[in-house]
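Notes follow once the structure below has been shown.
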Amino acid sequence: MSRFAWRFLPGMAVVCGLLAAETRAETCKLQLKRLPPRGEIFTPGLLTLPPAAPQDPGVEYVWRAVSPQSFFMQIMAKGTKNPQETEFLKIVRKEPKYNSPQPIRGVVTLGSDKYCFALDAKDAKAGGYNRLYFDLKHSGDLSDQKPIDAAAGDEKEPANPTNVAQFPRVDLVVNADGAKVDYSFYFQVYWQDAGPFKYASASLTAAVYREGDITLDGKKHHLILVDANSNGRFDDPITPVETTASTGGAIYHTPGDTLLVDPDLKNVESVGYSRSSTYDHPVSKLLAIDGRFYDAKFTAAGDSLTLTPCRAPLGRVTTPHEGLQALLYGDLGVLRITCDKSQPLVLPAGKWRLLEYTIDRTGWQPPPAAAKEKEKETARPSAPEHSLLTALWEAITGQSDSAEPVMRNGPTMVAAAATMACPTVQVRAGETVTLPFGPPYKPVVTAFPMDAKQARLQLSLVGAAGEACNNLLVNGGRPPKPQFTIKTPKGEVVQSGSFEYG
Amino acid sequence: MPSELAEEYRITVRMTAGPFDVKDKAESTLRRAELVPPKAEKKPDGSADQDGEATF
């Protein structure tokens, strides 16, 4: 099965390296594809998928993979200077005559350049922000631009004080590291112009992607390259950001672009709830395809991709946790790996650190009823079913049989993000090392004093390597609420209850 | 609130997470904060809100 194709028997690791070294570099051209123009569909609070998608499953894939550039702007009183407009004022040379007394001005980066834009009202009396001026010519002159208007009926929802405008797809040419590249985006804005705090939240979402085929070792692979962070270029790697313990010790990453390799276009739903499918690769200087590792060179324009066999020596990693998929980073780049506990996974030798992981155990079934009943007996006071004591227990704990996970066909998974506590994994050529991440998880309670007499408790689940869980699903739902008991050193119970998810 | 309770408490957590192993009876210690049992408001169904939150 291809999704596990880059698992090899230990003895094959060296052979794999030799074969890869004998393969020459391959370059493929990636053609520009645009998403459809936005239809006149209005969904409050949600950027709608343009129509015409059904006949092109690739569009659905791209739509799921892309994230917008977002802007939050305060709407100032008329005549009041907005400090958020400083950058706009540096770029703009001339502005149109606005209908709105409080136009919204901003700057967006596309490719290598910054573009100014302004949001205005189509009609001065009606107000709102249903007109977009965008510096398509990159001249700094917004007065020279034809205004882009939201489709009629998109901009107002009378029952809701928050207003939304979605604009038609915008096409332009951007400069990506000196190359002139066709590009497209969708733009939308929400605004709140009533109440004490007036603001607008705008977003720009890529409406273009690259597509092509590459042949590696005689096998053709279908590639879709997505400007997943909607910044007009296609070569952005994920960049890990390590924080110090004093600021929480979390390791997060900046958004990067995405390369889909052989996506199953007939099964869009396989993209999954975690968006970490086996064909979803972060743009990186190292790629793994069909068990081979390649040094990858993307262009900013996304028009070509060159893959050269990686000559790094190979080692192996293993994990006891079935269904573990992780994002690792190191000097060689960022890699998404998919493991199972049955056999080691080949990985280039070097130092690797965890960014994040999921363990997917979808399909898991709880123990048989008899065993479950036994668990209940040990966890609860012994009492007949439906007794007064049972009802009292449920009232105290807020937990009843109905609160336990309902058998559904939903996912069973846990996700976690790295912290600086997670150790570096040293992969040595020809050797196997065990990834230290995953269960058992340790509940850690942190108390935040609210005042002299009360504290707020926060529960986090910490994995074996110090990673912090950020999602947990059992058959599509949350597991029973964690229970807590607070005791004095003498064993007196001060308080007990349950934690709420949220 | 008794003064002898002001310095340190032991917090015990129990939870189950399907197939994922969670250490039972994990303990944390609370210091430098005083606690009083929150006055839980009864809901129409007889249950009560509890203080505390979990982050996932």
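Note on naming: chains are A, B, ... as they come in the structure tokens, residues start from 1 per chain, ligands start from 1 in the order shown.
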I need the contact residues of chain A against chain B, so if you could list those with any atom within 8 Å, counting only C-alpha atoms, and return them as an MDAnalysis selection string, that would help. chainID A and resid 361 364 366 394:396 398 412 414 439:447 449 452:460 469:472 474 479:489 494:495 497:502
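The residue set within 6 Å of Phe185 of chain A, counting only C-alpha atoms and dropping same-chain residues fewer than 6 places from it, reads Arg169, Val170, Thr205, Ala206 and Ala207 of chain A.
Using only C-alpha atoms, the contacts of Ala77 of chain A at a cut-off of 10 Å, with sequence neighbours closer than 3 positions omitted, comprise Gln74, Thr80, Lys81, Asn82, Pro101, Gln102 and Lys198 of chain A.
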Can you tell me, as an MDAnalysis selection string, which residues in segment 405-497 of chain A count as strand (DSSP E) by DSSP? chainID A and resid 413:417 425:427 432:434 442:449 455:462 468:473 483:487 493:497
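With only C-alpha atoms taken into account, the protein and nucleic acid residues at most 6 Å from segment 137-147 of chain A (excluding it and anything under 5 positions from it in its own chain) are A:Ile91, A:Val92, A:Arg93, A:Lys94, A:Glu95, A:Pro96, A:Leu132.
Between atom CA of Thr299 of chain A and atom CA of Val226 of chain A there is a distance of 12.5 Å.
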7 Å contact set for Tyr279 of chain A, only C-alpha atoms, chain neighbours under 4 positions out, as number ranges by chain: A: 260-263
Using DSSP on the backbone, list every residue of segment 121-369 of chain A that comes out as helix (DSSP H, G or I), and give them as number ranges by chain. A: 142-144, 245-247, 268-271, 369
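Relative to atom CA of Leu328 of chain A, atom CA of Leu354 of chain A is found at 4.7 Å.
Interatomic distance, atom CA of Leu259 of chain A against atom CA of Val107 of chain A: 27.4 Å.
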For Gly323 of chain A, list every protein, DNA or RNA residue within 12 Å, evaluated using only C-alpha atoms, and leave out those in the same chain fewer than 6 positions away; present the list as a PyMOL selection string. (chain A and resi 3-4+276-278+337-342+357-364+412-415+438) or (chain B and resi 19-20)
